[in-house]
Number of protein chains: 2
Amino acid sequence: MVKKTGRPGYLQIADELREQIRSGSIAPGEPLPSTAQLAETFGASLSVVKMSVGLLRNEGLVVGQQGKGVFVREDAPPADDIRAELTALRAAVADLTRRLEQLEESASQRIATS
Amino acid sequence: MVKKTGRPGYLQIADELREQIRSGSIAPGEPLPSTAQLAETFGASLSVVKMSVGLLRNEGLVVGQQGKGVFVREDAPPADDIRAELTALRAAVADLTRRLEQLEESASQRIATS
DNA sequence: GTTGCCAACATAGTTAACCTAGTTGGCTTG
DNA sequence: CAAGCCAACTAGGTTAACTATGTTGGCAAC
């Protein structure tokens with residue numbers, strides 16, 4: 001399935017999967033074929049398929065569930081004021097990080113003194 | 001250098017490099033340390049470093065030149081780049097989630113055995 | 001001095017092996 | 001029948017080995 005066009009195989013497979021998702025050929029909420037199945041249908045090794053799926057995962061197009069499969073995200077793009085939302089999220093993450101670090105600190109102390 | 005926080009090493013290294021680029025510690029147009037050097041400074045294998053650099057390459061933060069090195073993109077200041085910001089935030093949330101789950105796990109064990 | 005070769009180093013891609021861990025379904029045992 | 005174990009499948013992470021290819025600097029030969 002992968003052609004020797006100079007474009008690396010793991011990108012070709014990622015492209016193809018992206019296209020199948022975009023076209024609805026694999027609908028939101030539905031699972032991709034398993035890694036082994038993809039490897040067979042694309043005539044590629046397990047390694048390159050895992051790289052391809054990892055790309056889509058990194059892009060947020062799909063989410064993986066260990067033991068079950070890799071599923072197409074159901075999400076819809078909110079598209080209101082994205083920048084404001086980003087600012088709010090940044091603040092929230094910073095706050096959570098600070099609080100979590102405090103928790104971890106006290107937890108490690110409790111373990112050390114027990 | 002990579003910590004055992006549950007967050008995979010190749011993401012930790014990618015985060016760190018992203019931060020060094022964002023902060024200007026590695027300026028646009030400058031090369032990243034070589035794969036071998038990164039592997040040594042992070043105490044990781046060549047493979048995970050290659051995965052990390054591959055991520056940044058995929059995100060468009062850096063461009064690789066075979067035989068020379070991997071260079072920080074001159075254009076596209078990632079501070080305004082919503083995609084990069086989203087990626088970073090997603091990464092941060094995932095990291096926080098894992099750490100929190102770890103804390104909750106140890107907390108429930110402590111309660112159960114007390 | 002210049003040319004050309006060559007070794008060392010660089011990114012990039014592919015494959016394979018091994019490990020962890022979650023899910024599921026069937027079978028065995030009580 | 002019900003409980004629990006176990007085998008087979010799943011994703012995910014790590015490492016190593018090999019190949020291809022590009023760059024650079026030094027050295028030898030002419």
# chains A, B, ... in the order shown; residues from 1 in each chain; ligands from 1
>>> select_by_dssp(residues="region 21-64 of chain A", states="alpha helix (DSSP H)", output="PyMOL selection string")
chain A and resi 21-22+35-42+46-59
>>> interface_residues(of="chain A", to="chain C", cutoff="12 Å", atoms="only C-alpha atoms (C1' of nucleotides)", output="list in words")
Gly6, Arg7, Pro8, Gly9, Tyr10, Leu11, Ala44, Ser45, Leu46, Ser47, Val48, Val49, Lys50, Met51, Gly64, Gln65, Gln66, Gly67, Lys68 and Gly69 of chain A
>>> write_last_selection(atoms="N, CA and C atoms", output="compact mmCIF listing (two decimals), in the first residue's frame")
# COMPACT_ATOMS: atom_id res chain seq x y z
N GLY A 6 9.16 8.77 -1.98
CA GLY A 6 10.06 9.65 -1.28
C GLY A 6 9.44 10.13 0.02
N ARG A 7 8.11 10.17 0.05
CA ARG A 7 7.44 10.52 1.30
C ARG A 7 7.48 9.28 2.20
N PRO A 8 7.99 9.46 3.42
CA PRO A 8 8.15 8.29 4.29
C PRO A 8 6.83 7.58 4.57
N GLY A 9 6.93 6.29 4.78
CA GLY A 9 5.75 5.47 4.95
C GLY A 9 4.89 5.88 6.11
N TYR A 10 5.50 6.25 7.22
CA TYR A 10 4.67 6.57 8.39
C TYR A 10 3.86 7.83 8.15
N LEU A 11 4.35 8.72 7.26
CA LEU A 11 3.57 9.90 6.91
C LEU A 11 2.46 9.55 5.92
N ALA A 44 2.83 -2.70 5.84
CA ALA A 44 3.92 -2.05 6.57
C ALA A 44 4.21 -2.84 7.84
N SER A 45 5.29 -2.44 8.50
CA SER A 45 5.63 -3.12 9.75
C SER A 45 4.83 -2.52 10.89
N LEU A 46 4.78 -3.23 11.99
CA LEU A 46 4.07 -2.73 13.17
C LEU A 46 4.65 -1.39 13.61
N SER A 47 5.96 -1.26 13.50
CA SER A 47 6.63 -0.07 13.99
C SER A 47 6.13 1.20 13.30
N VAL A 48 6.06 1.17 11.96
CA VAL A 48 5.66 2.38 11.25
C VAL A 48 4.20 2.69 11.51
N VAL A 49 3.38 1.66 11.66
CA VAL A 49 1.97 1.91 11.98
C VAL A 49 1.85 2.57 13.34
N LYS A 50 2.63 2.10 14.29
CA LYS A 50 2.58 2.70 15.62
C LYS A 50 3.01 4.16 15.57
N MET A 51 4.02 4.44 14.72
CA MET A 51 4.44 5.83 14.57
C MET A 51 3.31 6.68 13.99
N GLY A 64 -6.36 7.13 22.28
CA GLY A 64 -6.14 5.71 22.46
C GLY A 64 -6.64 5.25 23.82
N GLN A 65 -7.16 4.06 23.85
CA GLN A 65 -7.52 3.45 25.14
C GLN A 65 -6.82 2.11 25.21
N GLN A 66 -5.90 2.03 26.17
CA GLN A 66 -5.12 0.80 26.30
C GLN A 66 -6.05 -0.40 26.45
N GLY A 67 -5.76 -1.41 25.67
CA GLY A 67 -6.52 -2.64 25.77
C GLY A 67 -7.76 -2.66 24.91
N LYS A 68 -8.21 -1.51 24.46
CA LYS A 68 -9.43 -1.46 23.65
C LYS A 68 -9.14 -1.07 22.20
N GLY A 69 -8.62 0.11 22.01
CA GLY A 69 -8.39 0.53 20.64
C GLY A 69 -8.10 2.02 20.57
>>> residues_around(residues="region 29-32 of chain B", least_positions_apart="2", cutoff="10 Å", atoms="only C-alpha atoms (C1' of nucleotides)", output="short mmCIF file (atom, residue, chain, number, x, y, z; two decimals) with N, CA and C atoms, in the first residue's frame")
data_model
loop_
_atom_site.label_atom_id
_atom_site.label_comp_id
_atom_site.auth_asym_id
_atom_site.auth_seq_id
_atom_site.Cartn_x
_atom_site.Cartn_y
_atom_site.Cartn_z
N LEU B 17 12.63 20.73 25.48
CA LEU B 17 13.17 21.41 24.30
C LEU B 17 12.23 22.53 23.87
N GLN B 20 12.83 25.41 26.12
CA GLN B 20 14.08 26.10 25.82
C GLN B 20 13.96 26.95 24.57
N ILE B 21 13.18 26.49 23.62
CA ILE B 21 12.97 27.28 22.40
C ILE B 21 12.07 28.47 22.69
N SER B 25 16.21 30.27 24.99
CA SER B 25 17.47 29.64 25.41
C SER B 25 18.18 29.00 24.21
N ILE B 26 17.40 28.53 23.27
CA ILE B 26 17.94 28.15 21.97
C ILE B 26 17.26 29.07 20.96
N ALA B 27 18.03 30.00 20.41
CA ALA B 27 17.45 31.06 19.59
C ALA B 27 17.09 30.54 18.20
N SER B 34 23.26 17.91 19.12
CA SER B 34 23.07 16.72 18.29
C SER B 34 22.32 15.64 19.07
N THR B 35 21.78 14.71 18.33
CA THR B 35 21.02 13.63 18.95
C THR B 35 21.83 12.95 20.05
N GLN B 37 24.34 14.12 21.78
CA GLN B 37 24.53 15.00 22.94
C GLN B 37 23.26 15.07 23.78
N LEU B 38 22.12 15.23 23.12
CA LEU B 38 20.85 15.28 23.85
C LEU B 38 20.64 14.00 24.65
N VAL B 53 12.68 14.76 19.01
CA VAL B 53 13.00 15.71 17.93
C VAL B 53 12.00 15.56 16.79
N VAL B 62 10.89 23.12 14.64
CA VAL B 62 12.27 23.02 14.17
C VAL B 62 12.27 22.40 12.77
N VAL B 63 13.36 22.60 12.08
CA VAL B 63 13.53 21.93 10.79
C VAL B 63 14.87 21.21 10.80
N GLY B 64 14.89 20.01 10.27
CA GLY B 64 16.12 19.24 10.24
C GLY B 64 16.81 19.37 8.90
N GLN B 65 18.11 19.38 8.94
CA GLN B 65 18.89 19.33 7.70
C GLN B 65 19.84 18.15 7.80
N LYS B 68 23.65 18.08 8.83
CA LYS B 68 24.06 19.28 9.54
C LYS B 68 23.50 19.34 10.95
N GLY B 69 22.22 19.37 11.07
CA GLY B 69 21.64 19.47 12.41
C GLY B 69 20.17 19.78 12.34
N VAL B 70 19.61 20.09 13.50
CA VAL B 70 18.19 20.45 13.59
C VAL B 70 18.13 21.88 14.10
N PHE B 71 17.47 22.75 13.33
CA PHE B 71 17.52 24.18 13.61
C PHE B 71 16.16 24.72 14.02
N VAL B 72 16.18 25.67 14.94
CA VAL B 72 14.95 26.32 15.37
C VAL B 72 14.45 27.21 14.24
N ARG B 73 13.17 27.08 13.96
CA ARG B 73 12.59 27.87 12.87
C ARG B 73 12.75 29.36 13.13
N GLU B 74 13.07 30.11 12.08
CA GLU B 74 13.27 31.56 12.21
C GLU B 74 11.94 32.28 12.26
N ASP B 75 11.01 31.81 11.43
CA ASP B 75 9.69 32.45 11.42
C ASP B 75 8.85 31.84 12.55
#
>>> interface_residues(of="chain D", to="chain A", cutoff="10 Å", atoms="only C-alpha atoms (C1' of nucleotides)", output="list in words")
DC9, DT10, DA11 and DG12 of chain D
>>> write_last_selection(atoms="C-alpha atoms (C1' of nucleotides)", output="PDB file, in the first residue's frame")
ATOM      1  C1'  DC D   9      -5.898  -9.464  22.040  1.00  0.00           C
ATOM      2  C1'  DT D  10      -5.263  -4.382  22.525  1.00  0.00           C
ATOM      3  C1'  DA D  11      -2.318   0.183  23.008  1.00  0.00           C
ATOM      4  C1'  DG D  12       1.836   2.234  24.544  1.00  0.00           C
TER       5       DG D  12
END
>>> atom_distance(atom1="CA of Val2 (chain A)", atom2="C1' of DA8 (chain D)")
29.0 Å
>>> atom_distance(atom1="CA of Arg57 (chain B)", atom2="CA of Phe42 (chain B)")
18.7 Å
